[in-house]
>>> print(open('coords.pdb').read())   # PDB, C-alpha atoms
MODEL        1
ATOM      1  CA  MET W 156     -24.935  26.348 -20.093  1.00  0.00           C
ATOM      2  CA  ASP W 157     -24.748  25.227 -23.712  1.00  0.00           C
ATOM      3  CA  TYR W 158     -23.942  21.577 -23.056  1.00  0.00           C
ATOM      4  CA  THR W 159     -24.195  20.653 -26.751  1.00  0.00           C
ATOM      5  CA  ALA W 160     -21.433  23.119 -27.612  1.00  0.00           C
ATOM      6  CA  LEU W 161     -19.338  21.871 -24.701  1.00  0.00           C
ATOM      7  CA  ARG W 162     -19.679  18.284 -25.935  1.00  0.00           C
ATOM      8  CA  GLU W 163     -18.633  19.293 -29.440  1.00  0.00           C
ATOM      9  CA  ARG W 164     -15.570  21.034 -28.031  1.00  0.00           C
ATOM     10  CA  MET W 165     -14.787  18.015 -25.840  1.00  0.00           C
ATOM     11  CA  VAL W 166     -14.889  15.703 -28.854  1.00  0.00           C
ATOM     12  CA  ALA W 167     -12.817  17.990 -31.056  1.00  0.00           C
ATOM     13  CA  GLU W 168     -10.108  18.850 -28.531  1.00  0.00           C
ATOM     14  CA  GLN W 169      -9.945  15.940 -26.096  1.00  0.00           C
ATOM     15  CA  LEU W 170     -10.836  13.013 -28.372  1.00  0.00           C
ATOM     16  CA  GLU W 171     -10.145  13.733 -32.045  1.00  0.00           C
ATOM     17  CA  GLY W 172      -7.109  15.753 -30.974  1.00  0.00           C
ATOM     18  CA  ARG W 173      -5.653  12.707 -29.220  1.00  0.00           C
ATOM     19  CA  GLY W 174      -6.253  10.029 -31.810  1.00  0.00           C
ATOM     20  CA  ILE W 175      -9.780   8.780 -31.178  1.00  0.00           C
ATOM     21  CA  THR W 176     -10.831   7.933 -34.743  1.00  0.00           C
ATOM     22  CA  ASP W 177     -13.729   5.451 -34.515  1.00  0.00           C
ATOM     23  CA  PRO W 178     -16.652   7.440 -35.980  1.00  0.00           C
ATOM     24  CA  ARG W 179     -19.230   5.479 -33.969  1.00  0.00           C
ATOM     25  CA  VAL W 180     -17.417   6.235 -30.709  1.00  0.00           C
ATOM     26  CA  LEU W 181     -17.164   9.918 -31.592  1.00  0.00           C
ATOM     27  CA  THR W 182     -20.877  10.058 -32.445  1.00  0.00           C
ATOM     28  CA  ALA W 183     -21.794   8.423 -29.136  1.00  0.00           C
ATOM     29  CA  MET W 184     -19.585  10.813 -27.181  1.00  0.00           C
ATOM     30  CA  ARG W 185     -21.256  13.750 -28.927  1.00  0.00           C
ATOM     31  CA  LYS W 186     -24.706  12.392 -28.125  1.00  0.00           C
ATOM     32  CA  VAL W 187     -24.608  11.182 -24.515  1.00  0.00           C
ATOM     33  CA  PRO W 188     -25.157  14.065 -22.033  1.00  0.00           C
ATOM     34  CA  ARG W 189     -22.230  13.567 -19.651  1.00  0.00           C
ATOM     35  CA  HIS W 190     -23.512  16.333 -17.355  1.00  0.00           C
ATOM     36  CA  GLU W 191     -26.494  14.133 -16.468  1.00  0.00           C
ATOM     37  CA  PHE W 192     -24.112  11.601 -14.889  1.00  0.00           C
ATOM     38  CA  VAL W 193     -22.277  13.881 -12.457  1.00  0.00           C
ATOM     39  CA  PRO W 194     -23.475  15.520  -9.220  1.00  0.00           C
ATOM     40  CA  GLU W 195     -25.483  18.666  -9.866  1.00  0.00           C
ATOM     41  CA  ASP W 196     -22.913  20.931  -8.208  1.00  0.00           C
ATOM     42  CA  LEU W 197     -20.235  19.630 -10.624  1.00  0.00           C
ATOM     43  CA  ARG W 198     -22.182  19.875 -13.865  1.00  0.00           C
ATOM     44  CA  HIS W 199     -20.265  22.982 -14.921  1.00  0.00           C
ATOM     45  CA  MET W 200     -17.154  20.754 -14.949  1.00  0.00           C
ATOM     46  CA  ALA W 201     -18.733  17.776 -16.741  1.00  0.00           C
ATOM     47  CA  TYR W 202     -16.917  18.294 -20.051  1.00  0.00           C
ATOM     48  CA  ARG W 203     -13.520  19.134 -18.657  1.00  0.00           C
ATOM     49  CA  ASP W 204     -10.484  16.969 -19.340  1.00  0.00           C
ATOM     50  CA  GLY W 205     -10.446  14.881 -16.182  1.00  0.00           C
ATOM     51  CA  PRO W 206     -12.309  12.502 -13.862  1.00  0.00           C
ATOM     52  CA  LEU W 207     -14.883  13.730 -11.341  1.00  0.00           C
ATOM     53  CA  PRO W 208     -16.091  12.305  -8.009  1.00  0.00           C
ATOM     54  CA  ILE W 209     -19.557  10.728  -8.000  1.00  0.00           C
ATOM     55  CA  GLY W 210     -19.718   9.726  -4.336  1.00  0.00           C
ATOM     56  CA  HIS W 211     -19.044   6.484  -2.466  1.00  0.00           C
ATOM     57  CA  GLY W 212     -15.324   6.829  -3.211  1.00  0.00           C
ATOM     58  CA  GLN W 213     -15.904   6.393  -6.962  1.00  0.00           C
ATOM     59  CA  THR W 214     -15.296   8.588 -10.006  1.00  0.00           C
ATOM     60  CA  ILE W 215     -16.591   9.147 -13.508  1.00  0.00           C
ATOM     61  CA  SER W 216     -13.635   8.599 -15.808  1.00  0.00           C
ATOM     62  CA  GLN W 217     -11.975  11.258 -17.945  1.00  0.00           C
ATOM     63  CA  PRO W 218     -13.799  11.564 -21.319  1.00  0.00           C
ATOM     64  CA  TYR W 219     -10.679  10.576 -23.247  1.00  0.00           C
ATOM     65  CA  ILE W 220     -10.254   7.372 -21.220  1.00  0.00           C
ATOM     66  CA  VAL W 221     -13.918   6.455 -21.752  1.00  0.00           C
ATOM     67  CA  ALA W 222     -13.513   6.950 -25.493  1.00  0.00           C
ATOM     68  CA  LEU W 223     -10.148   5.154 -25.624  1.00  0.00           C
ATOM     69  CA  MET W 224     -11.364   2.045 -23.789  1.00  0.00           C
ATOM     70  CA  THR W 225     -14.514   1.959 -25.901  1.00  0.00           C
ATOM     71  CA  GLN W 226     -12.550   2.302 -29.127  1.00  0.00           C
ATOM     72  CA  TYR W 227     -10.328  -0.624 -28.094  1.00  0.00           C
ATOM     73  CA  LEU W 228     -13.460  -2.824 -27.854  1.00  0.00           C
ATOM     74  CA  MET W 229     -14.047  -2.323 -31.611  1.00  0.00           C
ATOM     75  CA  LEU W 230     -17.834  -2.546 -31.312  1.00  0.00           C
ATOM     76  CA  THR W 231     -19.985  -2.944 -34.423  1.00  0.00           C
ATOM     77  CA  GLY W 232     -23.435  -2.717 -32.836  1.00  0.00           C
ATOM     78  CA  GLU W 233     -24.199  -6.446 -32.715  1.00  0.00           C
ATOM     79  CA  GLU W 234     -22.370  -7.341 -29.513  1.00  0.00           C
ATOM     80  CA  THR W 235     -23.499  -8.434 -26.089  1.00  0.00           C
ATOM     81  CA  VAL W 236     -21.258  -6.510 -23.688  1.00  0.00           C
ATOM     82  CA  LEU W 237     -20.385  -6.957 -20.027  1.00  0.00           C
ATOM     83  CA  GLU W 238     -19.358  -3.844 -18.114  1.00  0.00           C
ATOM     84  CA  VAL W 239     -17.734  -4.233 -14.707  1.00  0.00           C
ATOM     85  CA  GLY W 240     -18.146  -1.099 -12.593  1.00  0.00           C
ATOM     86  CA  THR W 241     -21.315   0.770 -13.547  1.00  0.00           C
ATOM     87  CA  GLY W 242     -20.477   3.821 -11.453  1.00  0.00           C
ATOM     88  CA  SER W 243     -22.531   6.782 -12.606  1.00  0.00           C
ATOM     89  CA  GLY W 244     -23.709   4.924 -15.724  1.00  0.00           C
ATOM     90  CA  TYR W 245     -21.940   7.203 -18.220  1.00  0.00           C
ATOM     91  CA  GLN W 246     -19.706   4.532 -19.737  1.00  0.00           C
ATOM     92  CA  THR W 247     -22.760   2.264 -19.685  1.00  0.00           C
ATOM     93  CA  ALA W 248     -24.696   4.739 -21.823  1.00  0.00           C
ATOM     94  CA  ILE W 249     -21.845   4.934 -24.332  1.00  0.00           C
ATOM     95  CA  LEU W 250     -21.838   1.128 -24.573  1.00  0.00           C
ATOM     96  CA  CYS W 251     -25.627   1.108 -25.009  1.00  0.00           C
ATOM     97  CA  GLU W 252     -25.237   3.411 -27.994  1.00  0.00           C
ATOM     98  CA  LEU W 253     -22.698   1.099 -29.614  1.00  0.00           C
ATOM     99  CA  SER W 254     -23.866  -2.461 -28.873  1.00  0.00           C
ATOM    100  CA  ARG W 255     -26.950  -4.654 -28.954  1.00  0.00           C
ATOM    101  CA  GLN W 256     -27.188  -5.477 -25.230  1.00  0.00           C
ATOM    102  CA  VAL W 257     -25.262  -4.342 -22.154  1.00  0.00           C
ATOM    103  CA  PHE W 258     -25.044  -6.118 -18.807  1.00  0.00           C
ATOM    104  CA  SER W 259     -23.408  -3.993 -16.130  1.00  0.00           C
ATOM    105  CA  VAL W 260     -22.294  -5.000 -12.624  1.00  0.00           C
ATOM    106  CA  GLU W 261     -21.834  -2.544  -9.738  1.00  0.00           C
ATOM    107  CA  ARG W 262     -20.875  -3.526  -6.193  1.00  0.00           C
ATOM    108  CA  ASN W 263     -22.422  -0.427  -4.578  1.00  0.00           C
ATOM    109  CA  ALA W 264     -26.205  -0.801  -4.512  1.00  0.00           C
ATOM    110  CA  ALA W 265     -26.852   2.948  -4.192  1.00  0.00           C
ATOM    111  CA  LEU W 266     -24.734   3.768  -7.250  1.00  0.00           C
ATOM    112  CA  ALA W 267     -26.372   0.943  -9.201  1.00  0.00           C
ATOM    113  CA  GLU W 268     -29.855   2.239  -8.418  1.00  0.00           C
ATOM    114  CA  GLN W 269     -28.950   5.814  -9.331  1.00  0.00           C
ATOM    115  CA  ALA W 270     -27.340   4.729 -12.599  1.00  0.00           C
ATOM    116  CA  ALA W 271     -30.332   2.578 -13.523  1.00  0.00           C
ATOM    117  CA  ASP W 272     -32.678   5.523 -12.902  1.00  0.00           C
ATOM    118  CA  ARG W 273     -30.553   7.845 -15.078  1.00  0.00           C
ATOM    119  CA  LEU W 274     -30.360   5.358 -17.921  1.00  0.00           C
ATOM    120  CA  THR W 275     -34.108   4.724 -17.810  1.00  0.00           C
ATOM    121  CA  LYS W 276     -34.875   8.462 -17.850  1.00  0.00           C
ATOM    122  CA  LEU W 277     -32.579   8.882 -20.858  1.00  0.00           C
ATOM    123  CA  GLY W 278     -34.457   6.144 -22.713  1.00  0.00           C
ATOM    124  CA  TYR W 279     -31.940   3.298 -22.699  1.00  0.00           C
ATOM    125  CA  LYS W 280     -33.683  -0.081 -22.859  1.00  0.00           C
ATOM    126  CA  ASN W 281     -30.846  -2.377 -23.937  1.00  0.00           C
ATOM    127  CA  VAL W 282     -29.217  -2.550 -20.497  1.00  0.00           C
ATOM    128  CA  GLU W 283     -29.485  -4.552 -17.279  1.00  0.00           C
ATOM    129  CA  ILE W 284     -27.814  -3.347 -14.078  1.00  0.00           C
ATOM    130  CA  HIS W 285     -26.788  -5.998 -11.548  1.00  0.00           C
ATOM    131  CA  VAL W 286     -25.488  -5.523  -7.993  1.00  0.00           C
ATOM    132  CA  GLY W 287     -22.629  -7.832  -7.104  1.00  0.00           C
ATOM    133  CA  ASP W 288     -18.943  -8.705  -7.262  1.00  0.00           C
ATOM    134  CA  GLY W 289     -17.903  -7.603 -10.731  1.00  0.00           C
ATOM    135  CA  SER W 290     -14.633  -9.523 -10.542  1.00  0.00           C
ATOM    136  CA  GLN W 291     -16.735 -12.682 -10.896  1.00  0.00           C
ATOM    137  CA  GLY W 292     -18.625 -11.351 -13.915  1.00  0.00           C
ATOM    138  CA  LEU W 293     -22.094 -12.636 -14.741  1.00  0.00           C
ATOM    139  CA  PRO W 294     -21.725 -16.322 -15.616  1.00  0.00           C
ATOM    140  CA  ASP W 295     -25.451 -16.797 -16.187  1.00  0.00           C
ATOM    141  CA  MET W 296     -25.354 -14.196 -18.999  1.00  0.00           C
ATOM    142  CA  ALA W 297     -22.106 -15.368 -20.638  1.00  0.00           C
ATOM    143  CA  PRO W 298     -20.556 -15.631 -23.125  1.00  0.00           C
ATOM    144  CA  PHE W 299     -19.907 -11.986 -23.930  1.00  0.00           C
ATOM    145  CA  ASP W 300     -18.577 -10.546 -27.184  1.00  0.00           C
ATOM    146  CA  ALA W 301     -16.820  -7.749 -25.298  1.00  0.00           C
ATOM    147  CA  ILE W 302     -16.017  -6.981 -21.666  1.00  0.00           C
ATOM    148  CA  LEU W 303     -14.998  -3.566 -20.305  1.00  0.00           C
ATOM    149  CA  VAL W 304     -13.728  -3.200 -16.746  1.00  0.00           C
ATOM    150  CA  SER W 305     -13.861   0.317 -15.291  1.00  0.00           C
ATOM    151  CA  ALA W 306     -11.703  -0.437 -12.219  1.00  0.00           C
ATOM    152  CA  ALA W 307      -8.173  -1.737 -11.784  1.00  0.00           C
ATOM    153  CA  ALA W 308      -7.406  -5.369 -10.922  1.00  0.00           C
ATOM    154  CA  PRO W 309      -4.094  -6.807  -9.675  1.00  0.00           C
ATOM    155  CA  ALA W 310      -4.406  -9.416 -12.446  1.00  0.00           C
ATOM    156  CA  ILE W 311      -6.948 -10.284 -15.127  1.00  0.00           C
ATOM    157  CA  PRO W 312      -9.759 -12.089 -13.253  1.00  0.00           C
ATOM    158  CA  GLY W 313     -10.092 -15.700 -14.409  1.00  0.00           C
ATOM    159  CA  PRO W 314     -13.909 -15.628 -14.465  1.00  0.00           C
ATOM    160  CA  LEU W 315     -13.886 -12.685 -16.883  1.00  0.00           C
ATOM    161  CA  ARG W 316     -11.512 -14.501 -19.224  1.00  0.00           C
ATOM    162  CA  SER W 317     -13.697 -17.591 -19.144  1.00  0.00           C
ATOM    163  CA  GLN W 318     -16.854 -15.550 -19.859  1.00  0.00           C
ATOM    164  CA  LEU W 319     -15.333 -13.976 -22.978  1.00  0.00           C
ATOM    165  CA  GLY W 320     -16.725 -15.539 -26.133  1.00  0.00           C
ATOM    166  CA  ASP W 321     -14.626 -16.810 -29.029  1.00  0.00           C
ATOM    167  CA  GLY W 322     -13.349 -13.775 -30.936  1.00  0.00           C
ATOM    168  CA  GLY W 323     -14.165 -11.513 -27.984  1.00  0.00           C
ATOM    169  CA  ARG W 324     -12.217  -8.583 -26.555  1.00  0.00           C
ATOM    170  CA  LEU W 325     -11.656  -7.707 -22.890  1.00  0.00           C
ATOM    171  CA  VAL W 326     -10.298  -4.265 -21.922  1.00  0.00           C
ATOM    172  CA  ILE W 327      -9.127  -3.834 -18.331  1.00  0.00           C
ATOM    173  CA  PRO W 328      -6.647  -1.774 -16.245  1.00  0.00           C
ATOM    174  CA  VAL W 329      -4.150  -4.081 -14.508  1.00  0.00           C
ATOM    175  CA  GLY W 330      -1.620  -3.209 -11.828  1.00  0.00           C
ATOM    176  CA  ASP W 331      -1.348  -2.046  -8.235  1.00  0.00           C
ATOM    177  CA  ARG W 332      -3.258   0.796  -6.599  1.00  0.00           C
ATOM    178  CA  GLU W 333      -0.793   3.467  -7.775  1.00  0.00           C
ATOM    179  CA  SER W 334       0.237   2.340 -11.253  1.00  0.00           C
ATOM    180  CA  GLN W 335      -1.668   0.425 -13.904  1.00  0.00           C
ATOM    181  CA  VAL W 336      -1.565  -0.467 -17.580  1.00  0.00           C
ATOM    182  CA  LEU W 337      -4.593  -0.745 -19.813  1.00  0.00           C
ATOM    183  CA  GLU W 338      -4.640  -4.232 -21.333  1.00  0.00           C
ATOM    184  CA  ARG W 339      -6.675  -5.812 -24.091  1.00  0.00           C
ATOM    185  CA  VAL W 340      -7.277  -9.548 -24.155  1.00  0.00           C
ATOM    186  CA  TRP W 341      -8.291 -11.293 -27.381  1.00  0.00           C
ATOM    187  CA  ARG W 342      -9.772 -14.778 -27.249  1.00  0.00           C
ATOM    188  CA  THR W 343      -9.431 -17.209 -30.171  1.00  0.00           C
ATOM    189  CA  GLY W 344     -10.720 -20.600 -29.132  1.00  0.00           C
ATOM    190  CA  GLU W 345      -8.740 -21.461 -26.028  1.00  0.00           C
ATOM    191  CA  THR W 346      -5.931 -19.059 -26.889  1.00  0.00           C
ATOM    192  CA  TRP W 347      -5.684 -15.634 -25.221  1.00  0.00           C
ATOM    193  CA  ARG W 348      -3.513 -12.849 -26.598  1.00  0.00           C
ATOM    194  CA  ILE W 349      -2.768  -9.895 -24.317  1.00  0.00           C
ATOM    195  CA  GLU W 350      -1.812  -6.411 -25.488  1.00  0.00           C
ATOM    196  CA  HIS W 351      -0.392  -3.709 -23.203  1.00  0.00           C
ATOM    197  CA  LEU W 352      -1.903  -0.442 -24.396  1.00  0.00           C
ATOM    198  CA  ALA W 353      -1.405   2.607 -22.170  1.00  0.00           C
ATOM    199  CA  PRO W 354      -0.593   3.706 -18.592  1.00  0.00           C
ATOM    200  CA  VAL W 355      -3.752   4.600 -16.631  1.00  0.00           C
ATOM    201  CA  LEU W 356      -4.966   5.175 -13.080  1.00  0.00           C
ATOM    202  CA  PHE W 357      -8.308   3.782 -11.912  1.00  0.00           C
ATOM    203  CA  VAL W 358      -9.993   3.119  -8.592  1.00  0.00           C
ATOM    204  CA  PRO W 359      -9.466  -0.482  -7.373  1.00  0.00           C
ATOM    205  CA  LEU W 360     -11.682  -3.372  -8.397  1.00  0.00           C
ATOM    206  CA  TYR W 361     -12.750  -4.913  -5.106  1.00  0.00           C
ATOM    207  CA  GLY W 362     -13.915  -8.512  -5.006  1.00  0.00           C
ATOM    208  CA  ARG W 363     -12.890 -12.137  -4.892  1.00  0.00           C
ATOM    209  CA  TYR W 364     -10.678 -11.775  -7.983  1.00  0.00           C
ATOM    210  CA  GLY W 365      -9.714  -8.148  -7.372  1.00  0.00           C
ATOM    211  CA  PHE W 366      -8.341  -6.217  -4.417  1.00  0.00           C
ATOM    212  CA  GLN W 367      -9.452  -6.915  -0.864  1.00  0.00           C
ATOM    213  CA  ASP W 368     -12.131  -4.478   0.249  1.00  0.00           C
ATOM    214  CA  PRO W 369     -10.598  -2.539   3.192  1.00  0.00           C
ATOM    215  CA  GLY W 370     -14.063  -2.280   4.741  1.00  0.00           C
ATOM    216  CA  ARG W 371     -14.578  -6.062   4.811  1.00  0.00           C
ATOM    217  CA  ARG W 372     -11.461  -7.363   6.534  1.00  0.00           C
TER     218      ARG W 372
ENDMDL
END
>>> encode(input="coords.pdb", output="structure tokens")
Amino acid sequence: MDYTALRERMVAEQLEGRGITDPRVLTAMRKVPRHEFVPEDLRHMAYRDGPLPIGHGQTISQPYIVALMTQYLMLTGEETVLEVGTGSGYQTAILCELSRQVFSVERNAALAEQAADRLTKLGYKNVEIHVGDGSQGLPDMAPFDAILVSAAAPAIPGPLRSQLGDGGRLVIPVGDRESQVLERVWRTGETWRIEHLAPVLFVPLYGRYGFQDPGRR
């Protein structure tokens, strides 16, 4: 399959056609080979307009949602970014293209290992993958200029707010398991401003400051 042509079509129809305008985000979405981040038997669907399963009850997000959340971070290339929910590593790769350093947290060790292997094979060196409770962030690496959460929380986790640097942006889906809103938090000193951006639907963020893991009751 001509994956380059499929990426170009994805960008033109799914992203530019829906208001994604940040040229750096569009360039990254054209460059990163999304098909490398999905199971081999689903690669023919990698550039379609929707999420795909990646195993362990997780998904790779719809291309438009990846681009939208990334655009809301307003990255310039100088930031240190925290990603919560590595998953397949696709969003991680996009962030690597657009920032100075990425720290990513994934609760599932198998997914974390697979994502790290993919990112290494694709030549990304400005990333560290950590296994742990993403709702608690990575306090030892804070503060962060930007934080992106790729799973839905019932409320904005306090540790993530506290790890956001002055002038930083946090983008996160907030709501219950069936209905969520994408929110952006801006920090100015000790003041936080919250914007409600768009309705979304993500898998739950499990952890101390997220939803209770049904397998750990």
>>> closest_residue(input="coords.pdb", among="W:Leu356, W:Ala183, W:Val286, W:Leu207", to="Thr241 in chain W", atoms="all atoms listed in the file")
W:Val286
>>> closest_residue(input="coords.pdb", among="W:Val257, W:Ala306, W:Leu181, W:Leu274", to="Leu237 in chain W", atoms="all atoms listed in the file")
W:Val257
>>> closest_residue(input="coords.pdb", among="W:Arg255, W:Arg324, W:His190, W:Arg164", to="Gln226 in chain W", atoms="all atoms listed in the file")
W:Arg324
>>> residues_around(input="coords.pdb", residues="Gly323 in chain W", least_positions_apart="6", cutoff="12 Å", atoms="all atoms listed in the file", output="list of chain:residue names")
W:Tyr227, W:Leu228, W:Met229, W:Leu230, W:Glu234, W:Thr235, W:Val236, W:Leu237, W:Ala297, W:Pro298, W:Phe299, W:Asp300, W:Ala301, W:Ile302, W:Leu303, W:Leu315, W:Arg316, W:Ser317, W:Arg339, W:Val340, W:Trp341, W:Arg342, W:Thr343, W:Gly344, W:Glu345, W:Thr346, W:Trp347, W:Arg348
>>> closest_residue(input="coords.pdb", among="W:Leu293, W:Thr231, W:Ser243, W:Val326", to="Pro206 in chain W", atoms="only C-alpha atoms")
W:Ser243
>>> resolve_selection(input="coords.pdb", expression="the PyMOL selection byres ((chain W and resi 198) around 12)", output="ChimeraX atom specification")
/W:156-158,161,188-197,199-203,207-209
>>> residues_near_point(input="coords.pdb", point="(-13.8, -11.5, -11.4)", cutoff="7 Å", atoms="only C-alpha atoms", output="list in words")
Gly289, Ser290, Gln291, Gly292, Pro312, Gly313, Pro314, Leu315, Arg363, Tyr364 and Gly365 of chain W
>>> atom_distance(input="coords.pdb", atom1="CA of Pro294 in chain W", atom2="CA of Leu319 in chain W")
10.0 Å
>>> closest_residue(input="coords.pdb", among="W:Ile220, W:Val336, W:Met296, W:Val282", to="Thr247 in chain W", atoms="only C-alpha atoms")
W:Val282
>>> resolve_selection(input="coords.pdb", expression="the PyMOL selection byres ((chain W and resi 271) around 10)", output="ChimeraX atom specification")
/W:241,243-244,247,259,265-270,272-277,279,282-285
>>> atom_distance(input="coords.pdb", atom1="CA of Gly240 in chain W", atom2="CA of Glu261 in chain W")
4.9 Å
>>> residues_around(input="coords.pdb", residues="Leu360 in chain W", least_positions_apart="4", cutoff="10 Å", atoms="only C-alpha atoms", output="PyMOL selection string")
chain W and resi 239-240+262+288-290+304-309+328-329+332+364-368
>>> decode(input="coords.pdb", residues="range 208-220 of chain W", atoms="C-alpha atoms", output="mmCIF file, in the first residue's frame")
data_model
loop_
_atom_site.group_PDB
_atom_site.id
_atom_site.type_symbol
_atom_site.label_atom_id
_atom_site.label_comp_id
_atom_site.auth_asym_id
_atom_site.auth_seq_id
_atom_site.Cartn_x
_atom_site.Cartn_y
_atom_site.Cartn_z
ATOM 1 C CA PRO W 208 -7.820 -1.367 18.932
ATOM 2 C CA ILE W 209 -4.200 -1.988 19.939
ATOM 3 C CA GLY W 210 -4.785 -4.731 22.506
ATOM 4 C CA HIS W 211 -5.073 -4.762 26.298
ATOM 5 C CA GLY W 212 -8.408 -2.936 26.059
ATOM 6 C CA GLN W 213 -6.739 0.190 24.632
ATOM 7 C CA THR W 214 -7.047 2.093 21.355
ATOM 8 C CA ILE W 215 -5.044 4.353 19.091
ATOM 9 C CA SER W 216 -7.017 7.573 18.829
ATOM 10 C CA GLN W 217 -8.666 8.902 15.682
ATOM 11 C CA PRO W 218 -6.141 10.967 13.641
ATOM 12 C CA TYR W 219 -8.252 14.109 13.955
ATOM 13 C CA ILE W 220 -8.363 13.840 17.759
#
